[in-house]
$ cat start-v4.csv   # CSV, C-alpha atoms
chain,number,residue,atom,x,y,z
A,298,MET,CA,0.0,0.0,0.0
A,299,SER,CA,1.2,3.5,-0.7
A,300,ALA,CA,2.0,5.8,2.2
A,301,PRO,CA,-0.8,8.2,3.1
A,302,LEU,CA,-0.3,11.8,1.9
A,303,LYS,CA,0.5,14.3,4.7
A,304,THR,CA,-1.6,17.3,4.6
A,305,ALA,CA,-0.1,20.6,5.9
A,306,SER,CA,-1.6,21.8,9.1
A,307,PRO,CA,-2.5,25.5,9.5
A,308,GLY,CA,0.5,26.0,11.9
A,309,ASP,CA,3.1,24.6,9.5
A,310,SER,CA,5.1,27.3,7.7
A,311,ALA,CA,5.1,27.3,4.0
A,312,PRO,CA,8.4,26.1,2.4
A,313,THR,CA,10.6,29.0,1.2
A,314,PRO,CA,11.5,28.8,-2.4
A,315,PRO,CA,15.2,28.4,-3.2
A,316,ALA,CA,17.1,31.6,-4.0
A,317,VAL,CA,19.8,30.0,-6.0
A,318,THR,CA,18.3,31.0,-9.4
A,319,LYS,CA,17.8,34.5,-8.3
A,320,GLY,CA,21.3,34.8,-7.0
A,321,ARG,CA,22.8,33.4,-10.2
A,322,THR,CA,20.7,35.8,-12.3
A,323,GLY,CA,21.8,38.8,-10.2
A,324,ALA,CA,25.5,37.8,-10.5
A,325,GLY,CA,25.1,37.4,-14.2
A,326,ASP,CA,23.5,40.8,-14.5
A,327,GLU,CA,26.4,42.3,-12.5
A,328,ARG,CA,29.0,40.6,-14.7
A,329,GLY,CA,27.2,41.8,-17.8
A,330,GLU,CA,27.1,45.4,-16.5
A,331,GLY,CA,30.8,45.1,-15.7
A,332,VAL,CA,31.6,43.9,-19.2
A,333,VAL,CA,29.7,46.7,-20.8
A,334,LEU,CA,31.4,49.2,-18.5
A,335,ASN,CA,34.8,47.9,-19.3
A,336,VAL,CA,34.1,47.9,-23.0
A,337,PHE,CA,32.9,51.5,-22.8
A,338,SER,CA,35.8,52.7,-20.7
A,339,HIS,CA,38.5,50.9,-22.8
A,340,GLY,CA,36.9,52.2,-26.0
A,341,PHE,CA,36.9,55.7,-24.6
A,342,LEU,CA,40.5,55.4,-23.6
A,343,ALA,CA,41.5,54.1,-27.0
A,344,LEU,CA,39.7,57.0,-28.7
A,345,TRP,CA,41.4,59.4,-26.4
A,346,ALA,CA,44.8,57.8,-27.1
A,347,LEU,CA,44.2,58.2,-30.9
A,348,MET,CA,43.3,61.8,-30.5
A,349,ILE,CA,46.6,62.4,-28.7
A,350,VAL,CA,48.9,60.1,-30.7
A,351,LEU,CA,47.8,60.9,-34.2
A,352,PRO,CA,48.5,64.7,-34.0
A,353,LEU,CA,51.9,64.0,-32.5
A,354,LEU,CA,52.7,61.5,-35.2
A,355,TRP,CA,51.5,63.9,-37.9
A,356,LEU,CA,53.7,66.6,-36.4
A,357,ILE,CA,56.9,64.5,-36.3
A,358,LEU,CA,56.3,63.1,-39.8
A,359,SER,CA,55.8,66.6,-41.2
A,360,ALA,CA,59.3,67.6,-40.0
A,361,PHE,CA,60.7,65.0,-42.5
A,362,LYS,CA,58.7,66.3,-45.5
A,363,THR,CA,59.2,69.2,-47.9
A,364,ASP,CA,56.9,72.1,-48.4
A,365,ALA,CA,55.5,70.5,-51.5
A,366,GLN,CA,54.7,67.2,-49.7
A,367,ILE,CA,53.1,69.0,-46.8
A,368,GLY,CA,50.9,71.0,-49.1
A,369,GLY,CA,50.1,68.1,-51.3
A,370,SER,CA,49.2,65.4,-48.8
A,371,ALA,CA,49.1,66.2,-45.1
A,372,PHE,CA,48.9,62.5,-44.1
A,373,GLY,CA,51.4,61.1,-46.6
A,374,TRP,CA,54.7,59.5,-45.6
A,375,PRO,CA,57.9,61.4,-46.2
A,376,GLU,CA,59.9,60.4,-49.2
A,377,ASN,CA,63.4,61.2,-47.7
A,378,TRP,CA,64.1,60.5,-44.1
A,379,THR,CA,66.9,62.9,-43.2
A,380,LEU,CA,67.8,64.8,-40.0
A,381,ASP,CA,69.1,67.9,-42.0
A,382,VAL,CA,65.9,69.8,-41.2
A,383,PHE,CA,66.6,69.5,-37.4
A,384,SER,CA,70.1,70.9,-37.8
A,385,ARG,CA,68.7,73.8,-39.9
A,386,ALA,CA,66.1,74.5,-37.2
A,387,TRP,CA,68.7,74.4,-34.5
A,388,ASP,CA,71.0,76.8,-36.4
A,389,LYS,CA,68.1,79.3,-37.0
A,390,GLY,CA,67.8,79.9,-33.3
A,391,ILE,CA,66.1,76.9,-31.8
A,392,GLY,CA,69.3,76.0,-30.1
A,393,ASP,CA,69.6,79.4,-28.3
A,394,TYR,CA,65.9,79.3,-27.3
A,395,PHE,CA,66.3,75.8,-26.0
A,396,LEU,CA,69.3,76.8,-23.9
A,397,ASN,CA,67.5,79.8,-22.5
A,398,THR,CA,64.5,77.7,-21.5
A,399,VAL,CA,66.8,75.1,-19.8
A,400,ILE,CA,68.6,77.8,-17.8
A,401,VAL,CA,65.4,79.3,-16.5
A,402,LEU,CA,63.8,75.9,-15.6
A,403,ALA,CA,67.1,74.7,-14.0
A,404,PHE,CA,66.5,77.3,-11.2
A,405,SER,CA,62.8,78.0,-11.3
A,406,VAL,CA,61.6,74.4,-10.8
A,407,PRO,CA,63.9,73.5,-7.8
A,408,LEU,CA,63.2,76.8,-6.1
A,409,THR,CA,59.4,76.3,-6.6
A,410,MET,CA,59.7,72.8,-5.1
A,411,LEU,CA,61.8,74.0,-2.2
A,412,PHE,CA,59.7,77.0,-1.2
A,413,GLY,CA,56.4,75.3,-2.0
A,414,SER,CA,57.1,72.2,0.0
A,415,MET,CA,58.4,74.2,3.0
A,416,ALA,CA,55.3,76.4,3.1
A,417,ALA,CA,53.0,73.4,2.6
A,418,TYR,CA,54.8,71.4,5.4
A,419,VAL,CA,54.4,74.3,7.9
A,420,LEU,CA,50.8,74.8,7.1
A,421,ALA,CA,50.0,71.1,7.3
A,422,ARG,CA,51.9,70.2,10.4
A,423,TYR,CA,51.9,73.3,12.7
A,424,GLN,CA,48.9,74.9,14.2
A,425,PHE,CA,49.2,78.7,14.7
A,426,TRP,CA,47.0,81.8,14.4
A,427,GLY,CA,46.3,82.6,10.8
A,428,ASN,CA,47.2,79.1,9.5
A,429,ARG,CA,44.0,78.7,7.5
A,430,LEU,CA,44.1,82.3,6.3
A,431,LEU,CA,47.6,81.8,4.8
A,432,TYR,CA,46.5,78.5,3.2
A,433,PHE,CA,43.4,80.0,1.6
A,434,PHE,CA,45.6,82.9,0.5
A,435,PHE,CA,47.8,80.4,-1.5
A,436,VAL,CA,44.7,78.7,-2.8
A,437,ALA,CA,43.2,82.0,-4.0
A,438,GLY,CA,46.5,82.6,-5.9
A,439,ALA,CA,45.9,79.5,-8.0
A,440,MET,CA,42.4,80.8,-9.0
A,441,PHE,CA,43.6,84.3,-9.9
A,442,PRO,CA,44.0,84.7,-13.7
A,443,VAL,CA,47.5,85.7,-14.6
A,444,PHE,CA,46.2,88.0,-17.4
A,445,LEU,CA,44.8,90.4,-14.7
A,446,ALA,CA,48.3,90.9,-13.2
A,447,LEU,CA,50.4,91.4,-16.4
A,448,VAL,CA,50.4,95.2,-16.2
A,449,PRO,CA,51.4,95.6,-12.5
A,450,LEU,CA,53.8,92.6,-12.9
A,451,PHE,CA,55.5,94.3,-15.8
A,452,PHE,CA,56.1,97.5,-13.9
A,453,MET,CA,57.2,95.7,-10.8
A,454,VAL,CA,59.8,93.7,-12.7
A,455,LYS,CA,60.8,96.9,-14.5
A,456,ARG,CA,61.3,98.7,-11.2
A,457,LEU,CA,63.5,95.9,-10.1
A,458,ASP,CA,65.5,96.3,-13.3
A,459,MET,CA,64.9,92.6,-14.2
A,460,LEU,CA,63.2,92.9,-17.5
A,461,ASN,CA,64.7,90.6,-20.2
A,462,SER,CA,66.8,88.8,-17.6
A,463,TYR,CA,66.9,85.2,-16.4
A,464,GLN,CA,66.6,86.1,-12.7
A,465,GLY,CA,63.4,88.2,-13.3
A,466,LEU,CA,61.7,85.4,-15.2
A,467,ILE,CA,62.8,82.8,-12.6
A,468,LEU,CA,61.3,84.8,-9.7
A,469,VAL,CA,58.0,85.2,-11.6
A,470,TYR,CA,57.9,81.5,-12.5
A,471,VAL,CA,58.4,80.6,-8.8
A,472,ALA,CA,55.7,83.0,-7.7
A,473,TYR,CA,53.4,81.8,-10.4
A,474,SER,CA,53.8,78.1,-9.5
A,475,LEU,CA,53.8,78.4,-5.7
A,476,PRO,CA,50.0,78.3,-5.2
A,477,PHE,CA,49.4,75.0,-6.9
A,478,THR,CA,52.5,73.5,-5.3
A,479,VAL,CA,51.4,74.5,-1.8
A,480,PHE,CA,47.9,73.3,-2.5
A,481,PHE,CA,49.1,69.9,-3.7
A,482,MET,CA,51.8,69.3,-1.2
A,483,HIS,CA,49.7,70.5,1.7
A,484,ALA,CA,47.2,67.7,1.1
A,485,PHE,CA,50.1,65.2,0.7
A,486,PHE,CA,51.9,66.2,4.0
A,487,ARG,CA,48.6,65.8,5.9
A,488,THR,CA,48.5,62.1,4.9
A,489,LEU,CA,52.0,61.3,6.3
A,490,PRO,CA,52.0,59.5,9.6
A,491,THR,CA,52.2,61.7,12.6
A,492,ALA,CA,54.0,59.0,14.7
A,493,VAL,CA,57.2,59.4,12.6
A,494,PHE,CA,57.2,63.2,13.0
A,495,GLU,CA,56.7,62.8,16.8
A,496,ALA,CA,59.4,60.2,17.0
A,497,ALA,CA,61.9,62.4,15.3
A,498,ILE,CA,61.1,65.3,17.6
A,499,LEU,CA,61.5,63.0,20.7
A,500,ASP,CA,64.9,61.8,19.4
A,501,GLY,CA,66.1,65.4,19.5
A,502,ALA,CA,65.9,66.3,15.8
A,503,SER,CA,65.4,69.9,15.0
A,504,HIS,CA,62.4,71.1,13.0
A,505,THR,CA,64.7,71.7,10.0
A,506,ARG,CA,66.4,68.3,10.2
A,507,THR,CA,63.0,66.6,10.7
A,508,PHE,CA,61.7,68.3,7.5
A,509,PHE,CA,64.7,67.6,5.3
A,510,GLN,CA,65.7,64.2,6.5
A,511,VAL,CA,62.5,62.6,7.6
A,512,MET,CA,59.3,64.2,6.1
A,513,LEU,CA,60.6,65.3,2.8
A,514,PRO,CA,61.9,61.8,1.7
A,515,MET,CA,58.6,60.4,2.7
A,516,ALA,CA,56.9,62.9,0.4
A,517,LYS,CA,59.0,61.9,-2.6
A,518,PRO,CA,56.0,60.6,-4.7
A,519,GLY,CA,54.2,63.9,-4.3
A,520,LEU,CA,57.3,65.9,-5.0
A,521,ILE,CA,57.9,64.0,-8.3
A,522,SER,CA,54.3,64.5,-9.3
A,523,VAL,CA,54.0,68.2,-8.7
A,524,GLY,CA,57.6,68.6,-10.1
A,525,ILE,CA,56.5,67.1,-13.4
A,526,PHE,CA,53.4,69.4,-13.5
A,527,ASN,CA,55.5,72.5,-12.7
A,528,THR,CA,58.1,71.5,-15.4
A,529,LEU,CA,55.4,71.1,-18.0
A,530,GLY,CA,53.6,74.3,-17.1
A,531,GLN,CA,56.8,76.4,-17.1
A,532,TRP,CA,58.2,74.8,-20.2
A,533,ASN,CA,55.0,75.6,-22.1
A,534,GLN,CA,54.5,79.1,-20.6
A,535,TYR,CA,54.1,81.8,-23.3
A,536,ILE,CA,52.3,84.9,-21.9
A,537,LEU,CA,54.8,85.6,-19.1
A,538,PRO,CA,58.0,85.4,-21.1
A,539,THR,CA,56.3,87.4,-23.9
A,540,VAL,CA,55.7,90.3,-21.5
A,541,LEU,CA,58.9,90.1,-19.5
A,542,MET,CA,61.5,88.8,-22.0
A,543,GLN,CA,61.6,91.5,-24.6
A,544,PRO,CA,64.7,93.4,-25.5
A,545,GLN,CA,64.5,96.9,-23.9
A,546,SER,CA,67.1,98.6,-26.2
A,547,GLY,CA,69.1,97.9,-29.3
A,548,ASP,CA,72.1,96.6,-27.3
A,549,ASP,CA,69.9,94.4,-25.1
A,550,PRO,CA,70.4,90.7,-26.3
A,551,GLU,CA,67.4,88.5,-27.1
A,552,ARG,CA,66.8,85.9,-24.4
A,553,TYR,CA,63.7,84.3,-25.9
A,554,VAL,CA,62.5,81.0,-24.5
A,555,LEU,CA,61.2,78.2,-26.7
A,556,THR,CA,57.6,79.3,-26.9
A,557,GLN,CA,58.7,82.8,-28.0
A,558,GLY,CA,61.3,81.4,-30.3
A,559,LEU,CA,58.9,79.3,-32.2
A,560,VAL,CA,56.7,82.4,-32.9
A,561,GLN,CA,59.7,84.4,-33.9
A,562,LEU,CA,60.8,81.6,-36.2
A,563,GLN,CA,57.4,81.6,-37.9
A,564,GLN,CA,57.4,85.4,-38.3
A,565,GLN,CA,60.9,85.6,-39.7
A,566,GLN,CA,60.0,83.2,-42.5
A,567,GLY,CA,57.5,85.7,-44.0
A,568,TYR,CA,56.4,84.7,-47.5
A,569,ALA,CA,59.4,82.3,-47.9
A,570,SER,CA,57.9,79.7,-45.7
A,571,ASP,CA,59.9,76.7,-44.5
A,572,LEU,CA,57.3,74.6,-42.8
A,573,PRO,CA,59.6,71.6,-42.2
A,574,VAL,CA,61.9,73.8,-40.1
A,575,LEU,CA,58.9,75.0,-38.1
A,576,PHE,CA,57.7,71.5,-37.5
A,577,ALA,CA,61.2,70.4,-36.5
A,578,GLY,CA,61.4,73.2,-34.0
A,579,VAL,CA,58.1,72.2,-32.4
A,580,THR,CA,59.3,68.6,-32.3
A,581,ILE,CA,62.5,69.6,-30.6
A,582,ALA,CA,60.5,71.6,-28.0
A,583,MET,CA,58.1,68.7,-27.5
A,584,ILE,CA,60.4,65.7,-27.2
A,585,PRO,CA,62.0,66.6,-23.8
A,586,MET,CA,58.7,66.9,-22.1
A,587,LEU,CA,57.5,63.6,-23.6
A,588,VAL,CA,60.7,61.9,-22.3
A,589,VAL,CA,60.3,63.4,-18.9
A,590,TYR,CA,56.6,62.4,-18.5
A,591,LEU,CA,57.1,58.8,-19.9
A,592,SER,CA,60.1,58.3,-17.6
A,593,PHE,CA,58.2,59.3,-14.5
A,594,GLN,CA,54.6,58.3,-15.3
A,595,ARG,CA,54.5,55.6,-12.6
A,596,GLN,CA,55.8,58.1,-10.0
A,597,VAL,CA,53.2,60.6,-11.1
A,598,GLN,CA,50.4,58.1,-10.8
A,599,ALA,CA,51.7,57.0,-7.4
A,600,GLY,CA,51.8,60.6,-6.2
A,601,LEU,CA,48.3,61.3,-7.4
A,602,THR,CA,46.8,58.2,-5.8
A,603,SER,CA,48.8,57.9,-2.6
A,604,ALA,CA,46.9,60.6,-0.8
A,605,THR,CA,43.6,58.7,-1.5
A,606,LEU,CA,45.0,55.3,-0.6
A,607,LYS,CA,46.6,56.2,2.7

$ encode --input "start-v4.csv" --output "structure tokens"
Amino acid sequence: MSAPLKTASPGDSAPTPPAVTKGRTGAGDERGEGVVLNVFSHGFLALWALMIVLPLLWLILSAFKTDAQIGGSAFGWPENWTLDVFSRAWDKGIGDYFLNTVIVLAFSVPLTMLFGSMAAYVLARYQFWGNRLLYFFFVAGAMFPVFLALVPLFFMVKRLDMLNSYQGLILVYVAYSLPFTVFFMHAFFRTLPTAVFEAAILDGASHTRTFFQVMLPMAKPGLISVGIFNTLGQWNQYILPTVLMQPQSGDDPERYVLTQGLVQLQQQQGYASDLPVLFAGVTIAMIPMLVVYLSFQRQVQAGLTSATLK
């Protein structure tokens, strides 16, 4: 005989349906959304890379062409691969402009990093009256358009008798880059462990020694990141040297930087255009910054993300 069927009593609870199917469906939906997001993000990054790489490639290839080839086919390959155009560009003044730029940045970038990191360290680690006021003063300087200060800046540098001089442009570059440097390094110094700072003070280290031998080495990723940004910004600066680095008399030598020199090179050509020389000059001005950024890209990424990860 078959076993009698058991009827459910009113007090018995209803069996709960299994949730396995629902969980698998939800996980599948999440994986599908993740795949769509990855495809979209990677596609956008690939498009962005093409938008950057293709103009750079076109610029470099145009330096190896002739005027006829540039005018005939902008995207064609050069017929003769020769470096003669780069030597001609160097002899037409690019070499002097390049040297002037290197001289200015050799002093302006280290001074910006030194003064900016010192100010950011004091504002981040020491509490005193007016601390926040000074900090917001530096932040406000980063939001102030440089165009509004060109006229008073010109007369101030002229009164100091530093127009068309390396030291005048170096001081202006340092002052121009300090707000961003202080803002960036202030946030970085606040993420460093306080225990290390207190241990150095208890061991008898002075405030100066604590900064240079303990805290500053720990802030190396941030220093490299903001140093790269300052180098790129000062290397590509045009409006400030155009105002401050103009010969003041017939005997005053020309101390144009690269951005000014490229404009001068284009104006000197007149109707007898030599476009390959101009493209070669732009390539010479561009390659050092590409090398610097590609060499330190990992350090830049580490410096930008370390404040978030700590």

$ residues_near_point --input "start-v4.csv" --point "(58.4, 88.5, -14.7)" --cutoff "6 Å" --atoms "all atoms listed in the file" --output "PyMOL selection string"
chain A and resi 454+465-466+469+541

$ residues_around --input "start-v4.csv" --residues "segment 555-559 of chain A" --least-positions-apart "3" --cutoff "9 Å" --atoms "only C-alpha atoms" --output "short mmCIF file (atom, residue, chain, number, x, y, z; two decimals) with C-alpha atoms, keeping the file's coordinate frame"
data_model
loop_
_atom_site.label_atom_id
_atom_site.label_comp_id
_atom_site.auth_asym_id
_atom_site.auth_seq_id
_atom_site.Cartn_x
_atom_site.Cartn_y
_atom_site.Cartn_z
CA GLY A 390 67.80 79.90 -33.30
CA ILE A 391 66.10 76.90 -31.80
CA ASP A 393 69.60 79.40 -28.30
CA TYR A 394 65.90 79.30 -27.30
CA PHE A 395 66.30 75.80 -26.00
CA LEU A 396 69.30 76.80 -23.90
CA ASN A 397 67.50 79.80 -22.50
CA THR A 398 64.50 77.70 -21.50
CA TRP A 532 58.20 74.80 -20.20
CA ASN A 533 55.00 75.60 -22.10
CA GLN A 534 54.50 79.10 -20.60
CA TYR A 535 54.10 81.80 -23.30
CA PRO A 538 58.00 85.40 -21.10
CA THR A 539 56.30 87.40 -23.90
CA MET A 542 61.50 88.80 -22.00
CA LEU A 562 60.80 81.60 -36.20
CA GLN A 563 57.40 81.60 -37.90
CA GLN A 564 57.40 85.40 -38.30
CA LEU A 575 58.90 75.00 -38.10
CA GLY A 578 61.40 73.20 -34.00
CA VAL A 579 58.10 72.20 -32.40
CA ALA A 582 60.50 71.60 -28.00
#

$ residues_near_point --input "start-v4.csv" --point "(56.7, 94.8, -13.4)" --cutoff "12 Å" --atoms "only C-alpha atoms" --output "list in words"
Ala446, Leu447, Val448, Pro449, Leu450, Phe451, Phe452, Met453, Val454, Lys455, Arg456, Leu457, Asp458, Met459, Leu460, Asn461, Gly465, Leu466, Leu468, Val469, Leu537, Val540, Leu541 and Met542 of chain A

$ atom_distance --input "start-v4.csv" --atom1 "atom CA of Ile581 of chain A" --atom2 "atom CA of Leu411 of chain A"
28.7 Å

$ atom_distance --input "start-v4.csv" --atom1 "atom CA of Asn527 of chain A" --atom2 "atom CA of Ala417 of chain A"
15.5 Å

$ closest_residue --input "start-v4.csv" --among "A:Pro476, A:Pro544, A:Gly501, A:Gly427" --to "Phe412 of chain A" --atoms "all atoms listed in the file"
A:Pro476

$ closest_residue --input "start-v4.csv" --among "A:Leu475, A:Ser338, A:Ala502, A:Val574" --to "Met410 of chain A" --atoms "all atoms listed in the file"
A:Leu475

$ residues_around --input "start-v4.csv" --residues "Glu495 of chain A" --least-positions-apart "5" --cutoff "12 Å" --atoms "all atoms listed in the file" --output "PyMOL selection string"
chain A and resi 422+489-490+500-504+507-508+511-512

$ closest_residue --input "start-v4.csv" --among "A:Leu420, A:Ala472, A:Ala365, A:Ala346" --to "Val406 of chain A" --atoms "all atoms listed in the file"
A:Ala472

$ atom_distance --input "start-v4.csv" --atom1 "atom CA of Tyr553 of chain A" --atom2 "atom CA of Tyr470 of chain A"
14.9 Å
